$ cat upload_27.cif   # mmCIF, C-alpha atoms
data_start
loop_
_atom_site.group_PDB
_atom_site.id
_atom_site.type_symbol
_atom_site.label_atom_id
_atom_site.label_comp_id
_atom_site.auth_asym_id
_atom_site.auth_seq_id
_atom_site.Cartn_x
_atom_site.Cartn_y
_atom_site.Cartn_z
ATOM 1 C CA MET A 25 47.030 -4.169 13.514
ATOM 2 C CA LEU A 26 45.980 -6.013 10.363
ATOM 3 C CA GLN A 27 49.314 -7.795 10.172
ATOM 4 C CA ASP A 28 48.911 -8.990 13.767
ATOM 5 C CA ILE A 29 45.445 -10.362 13.019
ATOM 6 C CA LEU A 30 46.690 -12.156 9.914
ATOM 7 C CA GLN A 31 49.615 -13.599 11.834
ATOM 8 C CA VAL A 32 47.282 -15.001 14.507
ATOM 9 C CA ALA A 33 44.880 -16.358 11.893
ATOM 10 C CA GLU A 34 47.577 -17.930 9.709
ATOM 11 C CA PRO A 35 47.611 -21.381 11.426
ATOM 12 C CA ILE A 36 43.817 -21.617 11.106
ATOM 13 C CA LEU A 37 43.857 -20.514 7.479
ATOM 14 C CA ALA A 38 46.581 -23.057 6.730
ATOM 15 C CA LYS A 39 44.496 -25.863 8.222
ATOM 16 C CA VAL A 40 41.473 -24.782 6.186
ATOM 17 C CA GLU A 41 43.575 -24.706 3.018
ATOM 18 C CA ASN A 42 44.983 -28.170 3.748
ATOM 19 C CA PHE A 43 41.455 -29.494 4.290
ATOM 20 C CA VAL A 44 40.404 -28.221 0.866
ATOM 21 C CA ARG A 45 43.465 -29.743 -0.798
ATOM 22 C CA ASP A 46 42.813 -33.062 0.946
ATOM 23 C CA ILE A 47 39.199 -33.413 -0.211
ATOM 24 C CA ALA A 48 39.630 -31.861 -3.647
ATOM 25 C CA ALA A 49 40.231 -33.827 -6.820
ATOM 26 C CA ASP A 50 43.492 -33.406 -8.679
ATOM 27 C CA VAL A 51 42.794 -30.370 -10.859
ATOM 28 C CA PRO A 52 45.238 -28.195 -12.823
ATOM 29 C CA THR A 53 46.303 -24.701 -11.889
ATOM 30 C CA GLU A 54 45.665 -23.277 -15.351
ATOM 31 C CA THR A 55 42.096 -23.049 -16.644
ATOM 32 C CA ASN A 56 41.186 -24.598 -20.000
ATOM 33 C CA TRP A 57 38.623 -22.173 -21.430
ATOM 34 C CA GLU A 58 37.756 -24.504 -24.320
ATOM 35 C CA GLN A 59 35.733 -26.762 -22.013
ATOM 36 C CA SER A 60 33.279 -26.154 -19.179
ATOM 37 C CA SER A 61 33.214 -29.468 -17.292
ATOM 38 C CA PHE A 62 36.470 -29.779 -15.388
ATOM 39 C CA GLY A 63 37.674 -27.508 -12.627
ATOM 40 C CA SER A 64 40.946 -25.738 -11.996
ATOM 41 C CA TRP A 65 42.527 -23.671 -9.257
ATOM 42 C CA TYR A 66 41.279 -20.421 -10.784
ATOM 43 C CA ASN A 67 40.816 -19.364 -7.167
ATOM 44 C CA HIS A 68 43.389 -20.420 -4.587
ATOM 45 C CA PRO A 69 42.437 -23.374 -2.328
ATOM 46 C CA ARG A 70 42.654 -21.061 0.673
ATOM 47 C CA GLN A 71 39.956 -18.838 -0.794
ATOM 48 C CA HIS A 72 37.740 -21.881 -1.355
ATOM 49 C CA GLY A 73 38.259 -22.857 2.271
ATOM 50 C CA MET A 74 37.477 -19.398 3.631
ATOM 51 C CA GLU A 75 34.300 -19.229 1.556
ATOM 52 C CA LEU A 76 33.224 -22.665 2.751
ATOM 53 C CA VAL A 77 33.693 -21.831 6.433
ATOM 54 C CA CYS A 78 32.329 -18.288 6.422
ATOM 55 C CA LEU A 79 29.528 -18.513 3.879
ATOM 56 C CA ALA A 80 28.243 -21.920 4.951
ATOM 57 C CA THR A 81 27.965 -20.702 8.542
ATOM 58 C CA ILE A 82 26.156 -17.511 7.552
ATOM 59 C CA TYR A 83 23.807 -19.245 5.105
ATOM 60 C CA GLY A 84 23.015 -22.107 7.476
ATOM 61 C CA ILE A 85 22.111 -19.855 10.397
ATOM 62 C CA ALA A 86 20.151 -17.448 8.187
ATOM 63 C CA THR A 87 18.177 -20.312 6.603
ATOM 64 C CA PHE A 88 17.205 -21.683 10.016
ATOM 65 C CA ILE A 89 16.135 -18.265 11.305
ATOM 66 C CA SER A 90 14.156 -17.463 8.139
ATOM 67 C CA PHE A 91 12.349 -20.808 8.268
ATOM 68 C CA ARG A 92 11.404 -20.273 11.918
ATOM 69 C CA ARG A 93 10.107 -16.783 11.170
ATOM 70 C CA LEU A 94 8.081 -17.958 8.156
ATOM 71 C CA LEU A 95 6.284 -20.613 10.205
ATOM 72 C CA ARG A 96 5.740 -18.491 13.275
ATOM 73 C CA PRO A 97 2.372 -19.654 14.734
ATOM 74 C CA GLY A 98 -0.383 -17.095 14.278
ATOM 75 C CA SER A 99 1.280 -15.294 11.388
ATOM 76 C CA LYS A 100 -0.489 -14.758 8.067
ATOM 77 C CA ASN A 101 1.934 -17.053 6.241
ATOM 78 C CA TYR A 102 1.415 -19.786 8.831
ATOM 79 C CA LYS A 103 -2.362 -19.636 8.425
ATOM 80 C CA LEU A 104 -2.168 -19.674 4.618
ATOM 81 C CA LEU A 105 0.110 -22.702 4.648
ATOM 82 C CA THR A 106 -1.703 -24.743 7.279
ATOM 83 C CA GLU A 107 -5.342 -23.959 6.409
ATOM 84 C CA PHE A 108 -5.169 -24.306 2.625
ATOM 85 C CA GLN A 109 -7.631 -26.629 0.869
ATOM 86 C CA PRO A 110 -6.986 -27.364 -2.841
ATOM 87 C CA PRO A 111 -10.160 -26.414 -4.786
ATOM 88 C CA HIS A 112 -9.953 -29.260 -7.318
ATOM 89 C CA LYS A 113 -7.852 -32.150 -8.558
ATOM 90 C CA ALA A 114 -4.996 -31.813 -11.009
ATOM 91 C CA SER A 115 -6.189 -30.941 -14.511
ATOM 92 C CA LEU A 116 -5.067 -32.591 -17.734
ATOM 93 C CA THR A 117 -2.878 -29.551 -18.388
ATOM 94 C CA GLU A 118 -1.127 -29.917 -15.058
ATOM 95 C CA ARG A 119 -0.560 -33.623 -15.583
ATOM 96 C CA SER A 120 0.780 -32.939 -19.083
ATOM 97 C CA MET A 121 3.212 -30.342 -17.763
ATOM 98 C CA THR A 122 4.331 -32.764 -15.057
ATOM 99 C CA LEU A 123 4.978 -35.432 -17.672
ATOM 100 C CA ALA A 124 6.874 -32.971 -19.874
ATOM 101 C CA LEU A 125 9.087 -31.974 -16.952
ATOM 102 C CA ILE A 126 9.753 -35.625 -16.083
ATOM 103 C CA CYS A 127 10.695 -36.420 -19.686
ATOM 104 C CA SER A 128 12.999 -33.419 -19.935
ATOM 105 C CA LEU A 129 14.812 -34.270 -16.703
ATOM 106 C CA LEU A 130 15.133 -37.939 -17.704
ATOM 107 C CA LEU A 131 16.592 -36.923 -21.061
ATOM 108 C CA THR A 132 19.019 -34.617 -19.274
ATOM 109 C CA LEU A 133 20.042 -37.477 -16.983
ATOM 110 C CA THR A 134 20.524 -39.757 -20.014
ATOM 111 C CA HIS A 135 22.822 -37.213 -21.651
ATOM 112 C CA LYS A 136 24.806 -36.847 -18.414
ATOM 113 C CA ILE A 137 25.194 -40.617 -18.082
ATOM 114 C CA ILE A 138 26.390 -40.970 -21.678
ATOM 115 C CA ARG A 139 28.953 -38.206 -21.227
ATOM 116 C CA HIS A 140 29.953 -39.346 -17.717
ATOM 117 C CA ARG A 141 28.738 -36.076 -16.228
ATOM 118 C CA VAL A 142 26.099 -37.272 -13.747
ATOM 119 C CA TRP A 143 27.496 -34.889 -11.133
ATOM 120 C CA PHE A 144 26.080 -32.077 -13.269
ATOM 121 C CA MET A 145 22.544 -33.119 -12.336
ATOM 122 C CA MET A 146 23.316 -31.045 -9.235
ATOM 123 C CA GLN A 147 23.353 -27.883 -11.348
ATOM 124 C CA PRO A 148 20.895 -25.369 -9.833
ATOM 125 C CA CYS A 149 18.495 -25.425 -12.777
ATOM 126 C CA HIS A 150 18.227 -29.228 -12.705
ATOM 127 C CA MET A 151 17.707 -29.118 -8.948
ATOM 128 C CA SER A 152 15.078 -26.408 -9.481
ATOM 129 C CA GLY A 153 13.351 -28.762 -11.910
ATOM 130 C CA LEU A 154 13.386 -31.522 -9.289
ATOM 131 C CA LEU A 155 12.074 -29.066 -6.699
ATOM 132 C CA LEU A 156 9.229 -28.093 -9.022
ATOM 133 C CA LEU A 157 8.521 -31.732 -9.850
ATOM 134 C CA PHE A 158 8.456 -32.624 -6.147
ATOM 135 C CA THR A 159 5.839 -29.908 -5.621
ATOM 136 C CA LEU A 160 3.714 -31.174 -8.512
ATOM 137 C CA VAL A 161 3.694 -34.852 -7.529
ATOM 138 C CA TYR A 162 3.487 -34.402 -3.751
ATOM 139 C CA PRO A 163 0.312 -36.350 -2.921
ATOM 140 C CA ASN A 164 -1.007 -34.302 0.006
ATOM 141 C CA LYS A 165 -1.642 -30.765 -1.189
ATOM 142 C CA LYS A 166 -3.121 -29.894 2.214
ATOM 143 C CA SER A 167 0.339 -30.202 3.718
ATOM 144 C CA PRO A 168 2.447 -27.014 3.977
ATOM 145 C CA VAL A 169 5.464 -28.881 2.551
ATOM 146 C CA PRO A 170 4.829 -28.573 -1.231
ATOM 147 C CA HIS A 171 3.665 -24.987 -0.865
ATOM 148 C CA ILE A 172 6.786 -23.910 1.010
ATOM 149 C CA PHE A 173 8.939 -25.482 -1.711
ATOM 150 C CA PHE A 174 6.828 -23.840 -4.409
ATOM 151 C CA ASN A 175 7.181 -20.367 -2.914
ATOM 152 C CA VAL A 176 10.899 -20.848 -2.489
ATOM 153 C CA TYR A 177 11.042 -21.816 -6.153
ATOM 154 C CA LEU A 178 9.095 -18.707 -7.242
ATOM 155 C CA HIS A 179 11.873 -16.531 -5.861
ATOM 156 C CA LEU A 180 14.504 -18.473 -7.817
ATOM 157 C CA GLN A 181 13.071 -18.429 -11.328
ATOM 158 C CA TRP A 182 15.590 -15.821 -12.416
ATOM 159 C CA GLY A 183 18.159 -18.658 -12.566
ATOM 160 C CA ALA A 184 16.363 -20.250 -15.525
ATOM 161 C CA LEU A 185 15.959 -16.848 -17.158
ATOM 162 C CA ALA A 186 19.675 -16.142 -16.773
ATOM 163 C CA ALA A 187 20.530 -19.556 -18.248
ATOM 164 C CA LEU A 188 18.381 -18.800 -21.318
ATOM 165 C CA ALA A 189 19.856 -15.323 -21.689
ATOM 166 C CA PHE A 190 23.479 -16.515 -21.375
ATOM 167 C CA PRO A 191 23.535 -20.228 -22.380
ATOM 168 C CA ASP A 192 26.804 -22.119 -22.028
ATOM 169 C CA LEU A 193 26.644 -24.727 -24.817
ATOM 170 C CA ARG A 194 30.356 -25.411 -25.247
ATOM 171 C CA GLU A 195 30.105 -29.191 -24.756
ATOM 172 C CA HIS A 196 26.673 -29.936 -26.229
ATOM 173 C CA THR A 197 27.376 -32.614 -28.831
ATOM 174 C CA LEU A 198 24.666 -35.251 -28.340
ATOM 175 C CA ILE A 199 21.424 -35.425 -30.317
ATOM 176 C CA GLY A 200 18.712 -33.371 -28.650
ATOM 177 C CA GLU A 201 21.024 -31.985 -25.981
ATOM 178 C CA THR A 202 20.806 -28.334 -26.981
ATOM 179 C CA PHE A 203 17.076 -28.587 -27.743
ATOM 180 C CA ASN A 204 16.406 -30.122 -24.331
ATOM 181 C CA PHE A 205 18.513 -27.454 -22.637
ATOM 182 C CA PHE A 206 16.153 -24.771 -23.893
ATOM 183 C CA ALA A 207 13.047 -26.939 -23.410
ATOM 184 C CA GLU A 208 13.893 -27.624 -19.775
ATOM 185 C CA HIS A 209 14.555 -23.996 -18.922
ATOM 186 C CA ILE A 210 11.409 -22.829 -20.709
ATOM 187 C CA LEU A 211 9.403 -25.361 -18.693
ATOM 188 C CA LEU A 212 10.972 -23.995 -15.522
ATOM 189 C CA LEU A 213 9.462 -20.615 -16.410
ATOM 190 C CA VAL A 214 6.115 -21.691 -17.882
ATOM 191 C CA VAL A 215 5.014 -24.444 -15.460
ATOM 192 C CA PRO A 216 4.988 -22.265 -12.302
ATOM 193 C CA ILE A 217 2.915 -19.627 -14.106
ATOM 194 C CA TYR A 218 0.224 -22.223 -14.699
ATOM 195 C CA MET A 219 0.554 -23.447 -11.112
ATOM 196 C CA ILE A 220 -0.133 -19.945 -9.842
ATOM 197 C CA TYR A 221 -3.320 -19.504 -11.859
ATOM 198 C CA CYS A 222 -4.710 -23.023 -11.329
ATOM 199 C CA ARG A 223 -5.230 -22.100 -7.619
ATOM 200 C CA ARG A 224 -4.037 -25.503 -6.387
ATOM 201 C CA TYR A 225 -0.923 -24.022 -4.828
ATOM 202 C CA VAL A 226 -0.519 -21.366 -2.161
ATOM 203 C CA VAL A 227 1.157 -18.175 -3.313
ATOM 204 C CA LEU A 228 2.338 -16.327 -0.247
ATOM 205 C CA PRO A 229 2.195 -12.524 -0.190
ATOM 206 C CA LYS A 230 5.450 -10.662 -0.574
ATOM 207 C CA SER A 231 7.367 -10.724 2.690
ATOM 208 C CA LYS A 232 10.904 -10.595 3.994
ATOM 209 C CA GLU A 233 10.459 -14.056 5.540
ATOM 210 C CA ILE A 234 9.885 -15.978 2.305
ATOM 211 C CA LEU A 235 12.365 -13.800 0.412
ATOM 212 C CA PHE A 236 15.153 -14.456 2.905
ATOM 213 C CA LEU A 237 14.278 -18.155 3.218
ATOM 214 C CA SER A 238 14.467 -18.555 -0.569
ATOM 215 C CA PHE A 239 17.736 -16.681 -0.910
ATOM 216 C CA PHE A 240 19.559 -18.227 2.030
ATOM 217 C CA SER A 241 18.339 -21.811 1.499
ATOM 218 C CA TYR A 242 19.546 -21.767 -2.090
ATOM 219 C CA SER A 243 22.734 -20.048 -1.037
ATOM 220 C CA PHE A 244 23.252 -22.860 1.470
ATOM 221 C CA PHE A 245 22.756 -25.332 -1.355
ATOM 222 C CA HIS A 246 25.547 -23.561 -3.255
ATOM 223 C CA THR A 247 27.853 -23.359 -0.262
ATOM 224 C CA PRO A 248 28.607 -25.809 1.226
ATOM 225 C CA ILE A 249 26.685 -28.574 -0.647
ATOM 226 C CA LEU A 250 27.431 -27.739 -4.281
ATOM 227 C CA HIS A 251 30.820 -26.266 -3.453
ATOM 228 C CA ILE A 252 32.041 -29.401 -1.675
ATOM 229 C CA SER A 253 30.570 -31.627 -4.405
ATOM 230 C CA SER A 254 32.506 -29.643 -6.987
ATOM 231 C CA LEU A 255 35.771 -29.905 -5.045
ATOM 232 C CA VAL A 256 35.404 -33.652 -4.437
ATOM 233 C CA SER A 257 34.359 -34.515 -7.998
ATOM 234 C CA GLY A 258 36.737 -32.135 -9.773
ATOM 235 C CA PHE A 259 33.872 -30.923 -11.945
ATOM 236 C CA ASN A 260 33.172 -27.234 -12.400
ATOM 237 C CA LEU A 261 29.635 -27.451 -11.005
ATOM 238 C CA ASN A 262 27.853 -24.141 -11.532
ATOM 239 C CA TYR A 263 31.297 -22.554 -12.047
ATOM 240 C CA MET A 264 32.419 -23.218 -8.480
ATOM 241 C CA PHE A 265 35.975 -23.727 -9.702
ATOM 242 C CA ALA A 266 36.177 -21.184 -12.508
ATOM 243 C CA PRO A 267 33.843 -18.712 -14.257
ATOM 244 C CA PRO A 268 32.797 -19.068 -17.901
ATOM 245 C CA PRO A 269 34.768 -17.240 -20.623
ATOM 246 C CA SER A 270 34.891 -13.462 -20.326
ATOM 247 C CA LYS A 271 32.018 -12.857 -22.750
ATOM 248 C CA SER A 272 29.726 -14.649 -20.288
ATOM 249 C CA THR A 273 31.125 -13.133 -17.108
ATOM 250 C CA ILE A 274 27.983 -11.092 -16.451
ATOM 251 C CA TYR A 275 25.958 -14.300 -16.545
ATOM 252 C CA ILE A 276 27.874 -16.011 -13.778
ATOM 253 C CA TYR A 277 27.514 -13.066 -11.401
ATOM 254 C CA ILE A 278 23.761 -13.060 -12.046
ATOM 255 C CA TYR A 279 23.487 -16.841 -11.873
ATOM 256 C CA ILE A 280 25.334 -17.382 -8.605
#

$ encode --input "upload_27.cif" --output "C-alpha cells"
Amino acid sequence: MLQDILQVAEPILAKVENFVRDIAADVPTETNWEQSSFGSWYNHPRQHGMELVCLATIYGIATFISFRRLLRPGSKNYKLLTEFQPPHKASLTERSMTLALICSLLLTLTHKIIRHRVWFMMQPCHMSGLLLLFTLVYPNKKSPVPHIFFNVYLHLQWGALAALAFPDLREHTLIGETFNFFAEHILLLVVPIYMIYCRRYVVLPKSKEILFLSFFSYSFFHTPILHISSLVSGFNLNYMFAPPPSKSTIYIYIYI
C-alpha cells in the first residue's frame, strides 16, 4: 500500500525537488562546521521541497483562521483592541528604550553590511526587534494594529532567551559585534516588560486565539518566507540549511 502511494506521488515529489534545485543557490553537499553563514545540503532538496509545500500550506491557513478568530466581533479580545485609549504619552524611559533599540539594530545592520551578510537581518531575533520597534513608534496607539503585533511578540520572547542561553558567536570578529549581540537580545527581553507596566499597550488575556496566531504567524515567517530566502541566497538563515554544531543542537530545536 505504502509503495503504491509513493509510486503515485513520485512525479510530484520530483517536480518539487527540481523546483528547489532551480531556485536554490549553489551550495555544497558537505557541511562546513567551522562557519555558520553558508548553507549546504545537510537535508536533501526533496525534503526542503516537501517542508515548503506542506508546512507553508498548514501555517498559512492556520494563521488566517487564528487572525479571524482573534478579531471576531463582540469577543473580549475584539473589545480590548478596538476600545483601548492610551492613558498618557510616551515617557522619557520609553523614548530612551526606543532609541536604544534603534541604535542596536542599526549597529547590527552596519556589521552585516561590512561582512556582506545583510540577508541575516531576516534572522528571527532581528525581525522581532523590528516588530517591537514598529509597535513602539506606531503613531496611533488607539489602533488595534500595534497592540496585535505587541501581543504576538509577547508569545515569541523565548527566541531571545534561547539565543542568550545558546549563543552562536562563531563568526563574530568586528568591534562591538559580540557586545551588541547580547545588548540587542537583552533589550528584546527588557523593553516589553516596561511596555506591559507602562499601561500604554494592550495585554490580552491568555487565550488560544492569540497563542495560535503568534505561533502560526511566526511559523509562516519561517516557512515559506525565511526558508525560501535561505535557499535563494545560499545563506544558512536561522539554520534552515543546516543545524549548529552538535553541542548546540538543543538550541536549534528550541529556537525553531

$ closest_residue --input "upload_27.cif" --among "A:Arg93, A:Arg70, A:Arg223, A:His251" --to "A:Asn42" --atoms "only C-alpha atoms"
A:Arg70

$ resolve_selection --input "upload_27.cif" --expression "the PyMOL selection byres ((chain A and resi 116-119) around 9)" --output "list in words"
Ala114, Ser115, Ser120, Met121, Thr122, Leu123, Ala124, Leu160, Val215, Tyr218, Met219 and Cys222 of chain A

$ atom_distance --input "upload_27.cif" --atom1 "atom CA of A:Gly258" --atom2 "atom CA of A:Ala49"
4.9 Å

$ residues_around --input "upload_27.cif" --residues "A:Phe239" --least-positions-apart "5" --cutoff "12 Å" --atoms "only C-alpha atoms" --output "number ranges by chain"
A: 82-84, 86-87, 90-91, 175-183, 232-234, 244-246, 280

$ atom_distance --input "upload_27.cif" --atom1 "atom CA of A:Asn67" --atom2 "atom CA of A:Ser241"
24.2 Å

$ closest_residue --input "upload_27.cif" --among "A:Gly200, A:Thr106, A:Pro163, A:Pro69" --to "A:Asp46" --atoms "all atoms listed in the file"
A:Pro69

$ resolve_selection --input "upload_27.cif" --expression "the PyMOL selection byres ((chain A and resi 48) around 9)" --output "PyMOL selection string"
chain A and resi 43-47+49-51+252+254-258

$ write_last_selection --input "upload_27.cif" --atoms "C-alpha atoms" --output "tab-separated table (two decimals), in the coordinates of the input"
chain	number	residue	atom	x	y	z
A	43	PHE	CA	41.46	-29.49	4.29
A	44	VAL	CA	40.40	-28.22	0.87
A	45	ARG	CA	43.46	-29.74	-0.80
A	46	ASP	CA	42.81	-33.06	0.95
A	47	ILE	CA	39.20	-33.41	-0.21
A	49	ALA	CA	40.23	-33.83	-6.82
A	50	ASP	CA	43.49	-33.41	-8.68
A	51	VAL	CA	42.79	-30.37	-10.86
A	252	ILE	CA	32.04	-29.40	-1.68
A	254	SER	CA	32.51	-29.64	-6.99
A	255	LEU	CA	35.77	-29.90	-5.04
A	256	VAL	CA	35.40	-33.65	-4.44
A	257	SER	CA	34.36	-34.52	-8.00
A	258	GLY	CA	36.74	-32.14	-9.77

$ atom_distance --input "upload_27.cif" --atom1 "atom CA of A:Ser64" --atom2 "atom CA of A:Phe265"
5.8 Å

$ residues_around --input "upload_27.cif" --residues "A:Lys165" --least-positions-apart "5" --cutoff "10 Å" --atoms "only C-alpha atoms" --output "PyMOL selection string"
chain A and resi 108-110+113+159-160+170-171+224-226

$ closest_residue --input "upload_27.cif" --among "A:Pro148, A:Ile137, A:Lys39, A:Phe173" --to "A:Leu237" --atoms "only C-alpha atoms"
A:Phe173

$ residues_near_point --input "upload_27.cif" --point "(0.5, -23.4, 3.8)" --cutoff "8 Å" --atoms "only C-alpha atoms" --output "PyMOL selection string"
chain A and resi 101-108+166-169+171-172+226

$ closest_residue --input "upload_27.cif" --among "A:Leu125, A:Leu228, A:Tyr162, A:Arg139" --to "A:Glu208" --atoms "all atoms listed in the file"
A:Leu125

$ resolve_selection --input "upload_27.cif" --expression "the PyMOL selection byres ((chain A and resi 188) around 9)" --output "number ranges by chain"
A: 183-187, 189-191, 205-206, 209-210

$ closest_residue --input "upload_27.cif" --among "A:Val32, A:Val77, A:Leu157, A:Ile138" --to "A:His196" --atoms "all atoms listed in the file"
A:Ile138

$ closest_residue --input "upload_27.cif" --among "A:Gly73, A:Met151, A:Met145, A:Pro52" --to "A:Ile36" --atoms "only C-alpha atoms"
A:Gly73

$ residues_around --input "upload_27.cif" --residues "A:Ala266" --least-positions-apart "6" --cutoff "9 Å" --atoms "all atoms listed in the file" --output "PyMOL selection string"
chain A and resi 55+60+63-67+260

$ write_last_selection --input "upload_27.cif" --atoms "C-alpha atoms" --output "mmCIF file, in the coordinates of the input"
data_model
loop_
_atom_site.group_PDB
_atom_site.id
_atom_site.type_symbol
_atom_site.label_atom_id
_atom_site.label_comp_id
_atom_site.auth_asym_id
_atom_site.auth_seq_id
_atom_site.Cartn_x
_atom_site.Cartn_y
_atom_site.Cartn_z
ATOM 1 C CA THR A 55 42.096 -23.049 -16.644
ATOM 2 C CA SER A 60 33.279 -26.154 -19.179
ATOM 3 C CA GLY A 63 37.674 -27.508 -12.627
ATOM 4 C CA SER A 64 40.946 -25.738 -11.996
ATOM 5 C CA TRP A 65 42.527 -23.671 -9.257
ATOM 6 C CA TYR A 66 41.279 -20.421 -10.784
ATOM 7 C CA ASN A 67 40.816 -19.364 -7.167
ATOM 8 C CA ASN A 260 33.172 -27.234 -12.400
#

$ residues_around --input "upload_27.cif" --residues "A:Lys136" --least-positions-apart "5" --cutoff "12 Å" --atoms "all atoms listed in the file" --output "list in words"
Ser61, Leu129, Leu130, Leu131, Arg141, Val142, Trp143, Phe144, Met145, Met146, Gln147, His150, Glu195, His196, Thr197, Leu198 and Glu201 of chain A

$ axis_aligned_box --input "upload_27.cif" --around "stretch 115-128 of chain A" --padding-each-side "4 Å" --output "AutoDock Vina command-line options"
--center_x 3.4 --center_y -33.0 --center_z -17.2 --size_x 27.2 --size_y 14.9 --size_z 13.4

$ decode --input "upload_27.cif" --residues "stretch 153-160 of chain A" --atoms "all heavy atoms" --output "PDB file, in the first residue's frame"
ATOM      1  N   GLY A 153      13.001  42.363  16.817  1.00  0.00           N
ATOM      2  CA  GLY A 153      13.364  43.717  17.196  1.00  0.00           C
ATOM      3  C   GLY A 153      12.636  44.745  16.349  1.00  0.00           C
ATOM      4  O   GLY A 153      12.153  45.764  16.864  1.00  0.00           O
ATOM      5  N   LEU A 154      12.534  44.485  15.036  1.00  0.00           N
ATOM      6  CA  LEU A 154      11.802  45.391  14.155  1.00  0.00           C
ATOM      7  C   LEU A 154      10.309  45.389  14.482  1.00  0.00           C
ATOM      8  O   LEU A 154       9.650  46.434  14.414  1.00  0.00           O
ATOM      9  CB  LEU A 154      12.022  44.983  12.691  1.00  0.00           C
ATOM     10  CG  LEU A 154      13.428  45.238  12.135  1.00  0.00           C
ATOM     11  CD1 LEU A 154      13.552  44.635  10.736  1.00  0.00           C
ATOM     12  CD2 LEU A 154      13.732  46.732  12.087  1.00  0.00           C
ATOM     13  N   LEU A 155       9.782  44.235  14.841  1.00  0.00           N
ATOM     14  CA  LEU A 155       8.379  44.137  15.234  1.00  0.00           C
ATOM     15  C   LEU A 155       8.116  44.959  16.492  1.00  0.00           C
ATOM     16  O   LEU A 155       7.129  45.700  16.579  1.00  0.00           O
ATOM     17  CB  LEU A 155       8.022  42.669  15.467  1.00  0.00           C
ATOM     18  CG  LEU A 155       6.575  42.344  15.854  1.00  0.00           C
ATOM     19  CD1 LEU A 155       5.638  42.692  14.717  1.00  0.00           C
ATOM     20  CD2 LEU A 155       6.442  40.869  16.214  1.00  0.00           C
ATOM     21  N   LEU A 156       9.022  44.848  17.456  1.00  0.00           N
ATOM     22  CA  LEU A 156       8.898  45.611  18.697  1.00  0.00           C
ATOM     23  C   LEU A 156       9.047  47.108  18.426  1.00  0.00           C
ATOM     24  O   LEU A 156       8.309  47.930  18.982  1.00  0.00           O
ATOM     25  CB  LEU A 156       9.954  45.129  19.686  1.00  0.00           C
ATOM     26  CG  LEU A 156       9.795  45.543  21.149  1.00  0.00           C
ATOM     27  CD1 LEU A 156       8.466  45.037  21.706  1.00  0.00           C
ATOM     28  CD2 LEU A 156      10.950  44.987  21.975  1.00  0.00           C
ATOM     29  N   LEU A 157       9.985  47.457  17.570  1.00  0.00           N
ATOM     30  CA  LEU A 157      10.211  48.860  17.231  1.00  0.00           C
ATOM     31  C   LEU A 157       8.993  49.437  16.501  1.00  0.00           C
ATOM     32  O   LEU A 157       8.586  50.586  16.760  1.00  0.00           O
ATOM     33  CB  LEU A 157      11.456  48.982  16.356  1.00  0.00           C
ATOM     34  CG  LEU A 157      11.902  50.399  15.983  1.00  0.00           C
ATOM     35  CD1 LEU A 157      12.222  51.209  17.227  1.00  0.00           C
ATOM     36  CD2 LEU A 157      13.117  50.339  15.058  1.00  0.00           C
ATOM     37  N   PHE A 158       8.416  48.663  15.604  1.00  0.00           N
ATOM     38  CA  PHE A 158       7.206  49.094  14.902  1.00  0.00           C
ATOM     39  C   PHE A 158       6.092  49.411  15.899  1.00  0.00           C
ATOM     40  O   PHE A 158       5.377  50.419  15.769  1.00  0.00           O
ATOM     41  CB  PHE A 158       6.751  48.001  13.930  1.00  0.00           C
ATOM     42  CG  PHE A 158       5.421  48.258  13.286  1.00  0.00           C
ATOM     43  CD1 PHE A 158       5.326  49.059  12.165  1.00  0.00           C
ATOM     44  CD2 PHE A 158       4.265  47.685  13.801  1.00  0.00           C
ATOM     45  CE1 PHE A 158       4.090  49.307  11.562  1.00  0.00           C
ATOM     46  CE2 PHE A 158       3.029  47.925  13.209  1.00  0.00           C
ATOM     47  CZ  PHE A 158       2.944  48.737  12.087  1.00  0.00           C
ATOM     48  N   THR A 159       5.950  48.561  16.913  1.00  0.00           N
ATOM     49  CA  THR A 159       4.930  48.778  17.939  1.00  0.00           C
ATOM     50  C   THR A 159       5.195  50.062  18.720  1.00  0.00           C
ATOM     51  O   THR A 159       4.276  50.830  19.007  1.00  0.00           O
ATOM     52  CB  THR A 159       4.900  47.587  18.912  1.00  0.00           C
ATOM     53  OG1 THR A 159       4.663  46.379  18.174  1.00  0.00           O
ATOM     54  CG2 THR A 159       3.818  47.753  19.953  1.00  0.00           C
ATOM     55  N   LEU A 160       6.452  50.311  19.041  1.00  0.00           N
ATOM     56  CA  LEU A 160       6.813  51.487  19.831  1.00  0.00           C
ATOM     57  C   LEU A 160       6.594  52.794  19.077  1.00  0.00           C
ATOM     58  O   LEU A 160       6.137  53.784  19.661  1.00  0.00           O
ATOM     59  CB  LEU A 160       8.275  51.384  20.273  1.00  0.00           C
ATOM     60  CG  LEU A 160       8.582  50.380  21.386  1.00  0.00           C
ATOM     61  CD1 LEU A 160      10.081  50.097  21.446  1.00  0.00           C
ATOM     62  CD2 LEU A 160       8.098  50.910  22.737  1.00  0.00           C
TER      63      LEU A 160
END
